[in-house]
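Chemist: Shown below is the structure under consideration.
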Amino acid sequence: MTQLLTGKEPAQAIKDEVAERINALNKRVGLATVLVGDDPASEVYVRMKHKAAATVGMYTYDHHIPGDTPQDEVEDLVRGLNADPAVDGILVQLPLPDGLDPDAVIDLIEPGKDADGLHPHSLGLVVLERSGGAVPATPQGIMRMLDYYDIETEGKLAVIIGRSRLVGRPMGLLLNHKSANATVVFAHSRTRDLPAITRQADILIVAAGRPGLVTADGVKPGAVVVDVGINRVDEKLVGDVDFESISEVASAITPVPGGVGPMTIASLLLNTVVLAESRIAAGT
Ligand code: GUN
């Protein structure tokens, strides 16, 4: 029987912890979101983040600006949020519309307010396996999910498909950390004979944004499969893996929706309260 790794329960456990930590602070904790343009999927994600924040008593500040906003205005908005004492965490929803430079925008976020853990400083701390910065929300959520379901990573071969700043690359680093001790392979769009590589994985993490990319013949019997994809196909949300066929082979698999997504949101909220605590401790 394949185990279904749903995100609802572990995400709720994180949100309960966030609510307690906010309560203990005796201070408003605020998360500012920046959404540029009207990409329908991004609008849904940001709305879900606001809703989840409200359930843990976190304040949100919604900055939804037109897709044709010039680069310098987006950057000014981020500078303003950096300077706003009510804002503990800043999230710039990606992707930005064509014509805007996401690196320049993210580089501007004050690392102490980088709720998504995407600033080069936050990512540098992840590279070095040092604490003190926000850990990218989706990979952090996946690590917490593996822990919640008692999935051993030590000595396991983890194959990650995708090398994005948001998911693939930091995911591999977290699994490579001494706290996880997996052996990590990064696969990507130029990987030759992908199924031959993925068939060796004890833990297969798929974050490619391509529905049906992995089918049962690319999965080792008993593997754990984590599907990070969210794709709309024929009005239905599907992941990057063929859930039906892989369920027959894998020992455990995340559903889409309801798997990784709730863990990303809960980890974002956790990052924000941790950043608020650090700011209070530093007296800034
Ligand atoms: N776009 C898709 N997922 C995410 C995420 O977790 N954070 C941000 N900022 N943008 C995203």
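Here's how to read the names in the structure tokens: chain A, B, ... by the order shown, residue numbers from 1 in each chain, ligand numbers from 1 in the order shown.
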Which residues are near ligand 1 in this structure, taking near to mean any atom at most 10 Å from a ligand atom and counting only C-alpha atoms and all ligand atoms? Format them as a PyMOL selection string.

Modeler: chain A and resi 33-35+41-42+45-46+49+90-96+106+114-118+136-139+165-167+228-230+261+263-265+267-268

Chemist: Could you give me, as a PyMOL selection string, the residues within 12 Å of A:Asp107, counting only C-alpha atoms and dropping anything in the same chain fewer than 3 positions from it?

Modeler: chain A and resi 75+78-79+82+92+101-104+110-111+113-114+117-123

Chemist: With N, CA and C atoms kept, could you save the residues just selected as a PDB file, in the first residue's frame?

Modeler:
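So again_27.pdb came out as:
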```
ATOM      1  N   GLU A  75      11.070  48.453  -7.201  1.00  0.00           N
ATOM      2  CA  GLU A  75      12.198  48.522  -6.255  1.00  0.00           C
ATOM      3  C   GLU A  75      11.909  49.516  -5.137  1.00  0.00           C
ATOM      4  N   VAL A  78       9.744  47.901  -2.534  1.00  0.00           N
ATOM      5  CA  VAL A  78      10.502  47.014  -1.639  1.00  0.00           C
ATOM      6  C   VAL A  78      11.303  47.840  -0.628  1.00  0.00           C
ATOM      7  N   ARG A  79      11.906  48.936  -1.089  1.00  0.00           N
ATOM      8  CA  ARG A  79      12.666  49.800  -0.151  1.00  0.00           C
ATOM      9  C   ARG A  79      11.753  50.315   0.955  1.00  0.00           C
ATOM     10  N   ASN A  82      11.110  47.573   3.411  1.00  0.00           N
ATOM     11  CA  ASN A  82      12.303  47.376   4.256  1.00  0.00           C
ATOM     12  C   ASN A  82      12.292  48.357   5.431  1.00  0.00           C
ATOM     13  N   VAL A  92       8.038  38.585  -2.372  1.00  0.00           N
ATOM     14  CA  VAL A  92       7.762  39.027  -3.744  1.00  0.00           C
ATOM     15  C   VAL A  92       7.371  37.780  -4.530  1.00  0.00           C
ATOM     16  N   ASP A 101      13.273  42.601 -13.732  1.00  0.00           N
ATOM     17  CA  ASP A 101      14.439  41.786 -13.349  1.00  0.00           C
ATOM     18  C   ASP A 101      14.235  41.276 -11.912  1.00  0.00           C
ATOM     19  N   PRO A 102      13.887  39.986 -11.765  1.00  0.00           N
ATOM     20  CA  PRO A 102      13.596  39.487 -10.416  1.00  0.00           C
ATOM     21  C   PRO A 102      14.810  39.525  -9.492  1.00  0.00           C
ATOM     22  N   ASP A 103      16.006  39.269 -10.032  1.00  0.00           N
ATOM     23  CA  ASP A 103      17.205  39.269  -9.177  1.00  0.00           C
ATOM     24  C   ASP A 103      17.392  40.631  -8.522  1.00  0.00           C
ATOM     25  N   ALA A 104      17.231  41.694  -9.325  1.00  0.00           N
ATOM     26  CA  ALA A 104      17.448  43.044  -8.781  1.00  0.00           C
ATOM     27  C   ALA A 104      16.432  43.348  -7.687  1.00  0.00           C
ATOM     28  N   GLU A 110      15.673  43.407   2.418  1.00  0.00           N
ATOM     29  CA  GLU A 110      16.529  43.343   3.601  1.00  0.00           C
ATOM     30  C   GLU A 110      16.590  41.871   4.059  1.00  0.00           C
ATOM     31  N   PRO A 111      17.783  41.255   4.142  1.00  0.00           N
ATOM     32  CA  PRO A 111      17.826  39.828   4.485  1.00  0.00           C
ATOM     33  C   PRO A 111      17.064  39.496   5.774  1.00  0.00           C
ATOM     34  N   LYS A 113      14.316  40.544   6.568  1.00  0.00           N
ATOM     35  CA  LYS A 113      12.868  40.516   6.281  1.00  0.00           C
ATOM     36  C   LYS A 113      12.541  39.575   5.123  1.00  0.00           C
ATOM     37  N   ASP A 114      13.491  38.719   4.770  1.00  0.00           N
ATOM     38  CA  ASP A 114      13.345  37.866   3.577  1.00  0.00           C
ATOM     39  C   ASP A 114      12.522  36.615   3.923  1.00  0.00           C
ATOM     40  N   GLY A 117      13.162  33.394   1.996  1.00  0.00           N
ATOM     41  CA  GLY A 117      14.513  32.818   1.997  1.00  0.00           C
ATOM     42  C   GLY A 117      15.167  32.794   0.631  1.00  0.00           C
ATOM     43  N   LEU A 118      14.851  33.775  -0.206  1.00  0.00           N
ATOM     44  CA  LEU A 118      15.356  33.755  -1.583  1.00  0.00           C
ATOM     45  C   LEU A 118      16.488  34.744  -1.837  1.00  0.00           C
ATOM     46  N   HIS A 119      16.778  35.603  -0.851  1.00  0.00           N
ATOM     47  CA  HIS A 119      17.865  36.568  -1.011  1.00  0.00           C
ATOM     48  C   HIS A 119      19.209  35.821  -1.026  1.00  0.00           C
ATOM     49  N   PRO A 120      20.191  36.331  -1.799  1.00  0.00           N
ATOM     50  CA  PRO A 120      21.497  35.643  -1.836  1.00  0.00           C
ATOM     51  C   PRO A 120      22.096  35.424  -0.442  1.00  0.00           C
ATOM     52  N   HIS A 121      21.829  36.330   0.488  1.00  0.00           N
ATOM     53  CA  HIS A 121      22.361  36.144   1.846  1.00  0.00           C
ATOM     54  C   HIS A 121      21.718  34.926   2.513  1.00  0.00           C
ATOM     55  N   SER A 122      20.397  34.833   2.406  1.00  0.00           N
ATOM     56  CA  SER A 122      19.692  33.686   3.006  1.00  0.00           C
ATOM     57  C   SER A 122      20.174  32.390   2.353  1.00  0.00           C
ATOM     58  N   LEU A 123      20.286  32.406   1.021  1.00  0.00           N
ATOM     59  CA  LEU A 123      20.715  31.194   0.317  1.00  0.00           C
ATOM     60  C   LEU A 123      22.166  30.852   0.641  1.00  0.00           C
TER      61      LEU A 123
END
```

Chemist: For stretch 151-155 of chain A, work out the shell of residues within 8 Å, counting only C-alpha atoms and skipping chain neighbours fewer than 4 positions away, then give it as an mmCIF file with N, CA, C and O atoms, in the first residue's frame.

Modeler:
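Printed below is part.cif as written:
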```cif
data_model
loop_
_atom_site.group_PDB
_atom_site.id
_atom_site.type_symbol
_atom_site.label_atom_id
_atom_site.label_comp_id
_atom_site.auth_asym_id
_atom_site.auth_seq_id
_atom_site.Cartn_x
_atom_site.Cartn_y
_atom_site.Cartn_z
ATOM 1 N N LEU A 146 9.016 15.307 5.398
ATOM 2 C CA LEU A 146 9.741 14.028 5.503
ATOM 3 C C LEU A 146 9.926 13.666 6.978
ATOM 4 O O LEU A 146 9.773 12.511 7.379
ATOM 5 N N ASP A 147 10.241 14.677 7.775
ATOM 6 C CA ASP A 147 10.433 14.451 9.209
ATOM 7 C C ASP A 147 9.121 14.020 9.878
ATOM 8 O O ASP A 147 9.083 13.050 10.647
ATOM 9 N N LEU A 175 19.042 18.560 1.674
ATOM 10 C CA LEU A 175 19.190 17.098 1.785
ATOM 11 C C LEU A 175 20.652 16.692 1.936
ATOM 12 O O LEU A 175 20.958 15.658 2.512
ATOM 13 N N ALA A 180 20.817 15.928 7.383
ATOM 14 C CA ALA A 180 19.988 15.003 6.594
ATOM 15 C C ALA A 180 20.819 13.856 5.995
ATOM 16 O O ALA A 180 20.343 12.721 5.906
ATOM 17 N N ASN A 181 22.036 14.199 5.553
ATOM 18 C CA ASN A 181 22.982 13.178 5.087
ATOM 19 C C ASN A 181 22.506 12.309 3.924
ATOM 20 O O ASN A 181 22.860 11.128 3.849
ATOM 21 N N ALA A 182 21.701 12.899 3.043
ATOM 22 C CA ALA A 182 21.367 12.165 1.815
ATOM 23 C C ALA A 182 22.501 12.351 0.802
ATOM 24 O O ALA A 182 23.311 13.276 0.919
ATOM 25 N N THR A 183 22.554 11.460 -0.172
ATOM 26 C CA THR A 183 23.443 11.640 -1.325
ATOM 27 C C THR A 183 22.579 12.224 -2.434
ATOM 28 O O THR A 183 21.531 11.664 -2.766
ATOM 29 N N ILE A 203 14.655 8.612 -2.798
ATOM 30 C CA ILE A 203 13.759 9.762 -2.612
ATOM 31 C C ILE A 203 13.813 10.555 -3.906
ATOM 32 O O ILE A 203 14.896 10.971 -4.339
#
```

Chemist: Excluding same-chain residues fewer than 5 positions from A:Pro255, what lies within 9 Å of it counting only C-alpha atoms, as a PDB file with all heavy atoms, in the first residue's frame?

Modeler:
```pdb
ATOM      1  N   LEU A   4       0.025   7.951   1.483  1.00  0.00           N
ATOM      2  CA  LEU A   4      -0.235   9.281   0.933  1.00  0.00           C
ATOM      3  C   LEU A   4       0.341  10.320   1.884  1.00  0.00           C
ATOM      4  O   LEU A   4      -0.063  10.395   3.051  1.00  0.00           O
ATOM      5  CB  LEU A   4      -1.746   9.454   0.778  1.00  0.00           C
ATOM      6  CG  LEU A   4      -2.218  10.505  -0.213  1.00  0.00           C
ATOM      7  CD1 LEU A   4      -1.674  10.254  -1.611  1.00  0.00           C
ATOM      8  CD2 LEU A   4      -3.744  10.554  -0.216  1.00  0.00           C
ATOM      9  N   LEU A   5       1.295  11.098   1.380  1.00  0.00           N
ATOM     10  CA  LEU A   5       1.941  12.116   2.221  1.00  0.00           C
ATOM     11  C   LEU A   5       1.175  13.429   2.060  1.00  0.00           C
ATOM     12  O   LEU A   5       1.536  14.271   1.236  1.00  0.00           O
ATOM     13  CB  LEU A   5       3.409  12.292   1.814  1.00  0.00           C
ATOM     14  CG  LEU A   5       4.274  11.032   1.792  1.00  0.00           C
ATOM     15  CD1 LEU A   5       5.671  11.356   1.258  1.00  0.00           C
ATOM     16  CD2 LEU A   5       4.368  10.419   3.191  1.00  0.00           C
ATOM     17  N   THR A   6       0.129  13.596   2.834  1.00  0.00           N
ATOM     18  CA  THR A   6      -0.662  14.828   2.715  1.00  0.00           C
ATOM     19  C   THR A   6      -0.021  15.922   3.562  1.00  0.00           C
ATOM     20  O   THR A   6       0.594  15.668   4.597  1.00  0.00           O
ATOM     21  CB  THR A   6      -2.116  14.601   3.168  1.00  0.00           C
ATOM     22  OG1 THR A   6      -2.097  14.055   4.481  1.00  0.00           O
ATOM     23  CG2 THR A   6      -2.828  13.642   2.242  1.00  0.00           C
ATOM     24  N   GLY A   7      -0.197  17.158   3.098  1.00  0.00           N
ATOM     25  CA  GLY A   7       0.436  18.284   3.782  1.00  0.00           C
ATOM     26  C   GLY A   7      -0.402  18.864   4.903  1.00  0.00           C
ATOM     27  O   GLY A   7       0.109  19.618   5.736  1.00  0.00           O
ATOM     28  N   VAL A 226       8.102  12.893  -4.090  1.00  0.00           N
ATOM     29  CA  VAL A 226       7.565  14.197  -3.676  1.00  0.00           C
ATOM     30  C   VAL A 226       7.353  15.027  -4.939  1.00  0.00           C
ATOM     31  O   VAL A 226       8.304  15.320  -5.664  1.00  0.00           O
ATOM     32  CB  VAL A 226       8.544  14.915  -2.712  1.00  0.00           C
ATOM     33  CG1 VAL A 226       8.037  16.312  -2.377  1.00  0.00           C
ATOM     34  CG2 VAL A 226       8.737  14.087  -1.439  1.00  0.00           C
ATOM     35  N   ASP A 227       6.108  15.393  -5.174  1.00  0.00           N
ATOM     36  CA  ASP A 227       5.739  16.093  -6.408  1.00  0.00           C
ATOM     37  C   ASP A 227       5.483  17.564  -6.091  1.00  0.00           C
ATOM     38  O   ASP A 227       4.520  17.907  -5.404  1.00  0.00           O
ATOM     39  CB  ASP A 227       4.471  15.421  -6.963  1.00  0.00           C
ATOM     40  CG  ASP A 227       4.119  15.914  -8.356  1.00  0.00           C
ATOM     41  OD1 ASP A 227       4.753  16.871  -8.837  1.00  0.00           O
ATOM     42  OD2 ASP A 227       3.198  15.320  -8.960  1.00  0.00           O
ATOM     43  N   VAL A 238      -2.788  19.218 -11.659  1.00  0.00           N
ATOM     44  CA  VAL A 238      -1.989  17.984 -11.593  1.00  0.00           C
ATOM     45  C   VAL A 238      -0.539  18.346 -11.313  1.00  0.00           C
ATOM     46  O   VAL A 238      -0.104  19.465 -11.568  1.00  0.00           O
ATOM     47  CB  VAL A 238      -2.077  17.168 -12.907  1.00  0.00           C
ATOM     48  CG1 VAL A 238      -3.494  16.705 -13.191  1.00  0.00           C
ATOM     49  CG2 VAL A 238      -1.519  17.951 -14.088  1.00  0.00           C
ATOM     50  N   GLY A 239       0.205  17.377 -10.799  1.00  0.00           N
ATOM     51  CA  GLY A 239       1.613  17.604 -10.512  1.00  0.00           C
ATOM     52  C   GLY A 239       2.483  17.299 -11.722  1.00  0.00           C
ATOM     53  O   GLY A 239       2.012  17.299 -12.864  1.00  0.00           O
ATOM     54  N   PHE A 243       0.526  10.342 -11.122  1.00  0.00           N
ATOM     55  CA  PHE A 243       0.171   9.875  -9.783  1.00  0.00           C
ATOM     56  C   PHE A 243      -0.380   8.436  -9.818  1.00  0.00           C
ATOM     57  O   PHE A 243       0.020   7.601  -8.993  1.00  0.00           O
ATOM     58  CB  PHE A 243      -0.864  10.828  -9.169  1.00  0.00           C
ATOM     59  CG  PHE A 243      -1.250  10.504  -7.772  1.00  0.00           C
ATOM     60  CD1 PHE A 243      -0.514  11.002  -6.690  1.00  0.00           C
ATOM     61  CD2 PHE A 243      -2.333   9.686  -7.503  1.00  0.00           C
ATOM     62  CE1 PHE A 243      -0.858  10.687  -5.390  1.00  0.00           C
ATOM     63  CE2 PHE A 243      -2.677   9.364  -6.203  1.00  0.00           C
ATOM     64  CZ  PHE A 243      -1.950   9.866  -5.150  1.00  0.00           C
ATOM     65  N   VAL A 260       2.611  19.197  -1.095  1.00  0.00           N
ATOM     66  CA  VAL A 260       3.670  20.152  -0.757  1.00  0.00           C
ATOM     67  C   VAL A 260       3.122  21.568  -0.531  1.00  0.00           C
ATOM     68  O   VAL A 260       3.630  22.313   0.319  1.00  0.00           O
ATOM     69  CB  VAL A 260       4.744  20.167  -1.878  1.00  0.00           C
ATOM     70  CG1 VAL A 260       5.763  21.261  -1.649  1.00  0.00           C
ATOM     71  CG2 VAL A 260       5.420  18.801  -1.967  1.00  0.00           C
TER      72      VAL A 260
END
```

Chemist: As a ChimeraX atom specification, please: the residues near A:Ile22 (cut-off 10 Å, only C-alpha atoms, same-chain neighbours under 6 positions excluded).

Modeler: /A:16,28-29,56-58,270,272-274,276-277

Chemist: Could you list, as an mmCIF file with all heavy atoms, in the first residue's frame, every residue within 9 Å of A:Gly99, counting only C-alpha atoms and ignoring same-chain residues fewer than 3 positions away?

Modeler:
```cif
data_model
loop_
_atom_site.group_PDB
_atom_site.id
_atom_site.type_symbol
_atom_site.label_atom_id
_atom_site.label_comp_id
_atom_site.auth_asym_id
_atom_site.auth_seq_id
_atom_site.Cartn_x
_atom_site.Cartn_y
_atom_site.Cartn_z
ATOM 1 N N ASP A 68 2.513 46.368 -15.673
ATOM 2 C CA ASP A 68 3.411 47.267 -16.423
ATOM 3 C C ASP A 68 4.121 48.265 -15.509
ATOM 4 O O ASP A 68 4.663 49.268 -15.971
ATOM 5 C CB ASP A 68 2.647 47.996 -17.539
ATOM 6 C CG ASP A 68 1.497 48.842 -16.995
ATOM 7 O OD1 ASP A 68 1.295 48.850 -15.752
ATOM 8 O OD2 ASP A 68 0.804 49.488 -17.803
ATOM 9 N N PRO A 70 6.990 50.006 -13.747
ATOM 10 C CA PRO A 70 8.423 50.006 -14.086
ATOM 11 C C PRO A 70 9.286 49.430 -12.960
ATOM 12 O O PRO A 70 8.892 49.470 -11.781
ATOM 13 C CB PRO A 70 8.759 51.488 -14.300
ATOM 14 C CG PRO A 70 7.501 52.255 -14.180
ATOM 15 C CD PRO A 70 6.431 51.364 -13.640
ATOM 16 N N GLN A 71 10.444 48.934 -13.344
ATOM 17 C CA GLN A 71 11.386 48.314 -12.396
ATOM 18 C C GLN A 71 11.662 49.215 -11.191
ATOM 19 O O GLN A 71 11.642 48.756 -10.040
ATOM 20 C CB GLN A 71 12.704 48.022 -13.144
ATOM 21 C CG GLN A 71 13.801 47.407 -12.303
ATOM 22 C CD GLN A 71 13.692 45.893 -12.170
ATOM 23 O OE1 GLN A 71 13.098 45.220 -13.001
ATOM 24 N NE2 GLN A 71 14.243 45.347 -11.109
ATOM 25 N N LEU A 96 7.988 37.295 -11.835
ATOM 26 C CA LEU A 96 7.596 38.659 -12.168
ATOM 27 C C LEU A 96 7.283 38.708 -13.664
ATOM 28 O O LEU A 96 7.793 37.886 -14.435
ATOM 29 C CB LEU A 96 8.726 39.635 -11.835
ATOM 30 C CG LEU A 96 9.042 39.818 -10.345
ATOM 31 C CD1 LEU A 96 10.226 40.763 -10.161
ATOM 32 C CD2 LEU A 96 7.831 40.336 -9.580
#
```

Chemist: Which residues are close to A:Ala208, i.e. within 9 Å by only C-alpha atoms, leaving aside same-chain residues fewer than 5 positions away? Reply as number ranges by chain.

Modeler: A: 161-164, 168, 188-189, 213, 228-229, 240

Chemist: Which one is closest to A:Ala83: A:Ile160, A:Leu237, A:Val36, A:Ile109? Count only C-alpha atoms.

Modeler: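 Closest to A:Ala83 of all the choices is A:Ile109.
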
Chemist: Among stretch 151-210 of chain A, which ones does DSSP assign to alpha helix (DSSP H) (computed from the backbone)? Answer as a count of residues only.

Modeler: 14

Chemist: Counting only C-alpha atoms, which of A:Leu275, A:Val219, A:Val87, A:Val185 gets nearest to A:Val249?

Modeler: A:Val219

Chemist: Can you tell me how far atom CA of A:Ala13 sits from atom CA of A:Thr254, in Å to one decimal?

Modeler: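 About the pair atom CA of A:Ala13 and atom CA of A:Thr254: they are 17.5 Å apart.
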
Chemist: Looking at only C-alpha atoms, which of A:Ile280, A:Val74, A:Arg190, A:Ala11 is the one that sits closest to A:Arg144?

Modeler: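 Using only C-alpha atoms, the shortest distance to A:Arg144 belongs to A:Ala11.
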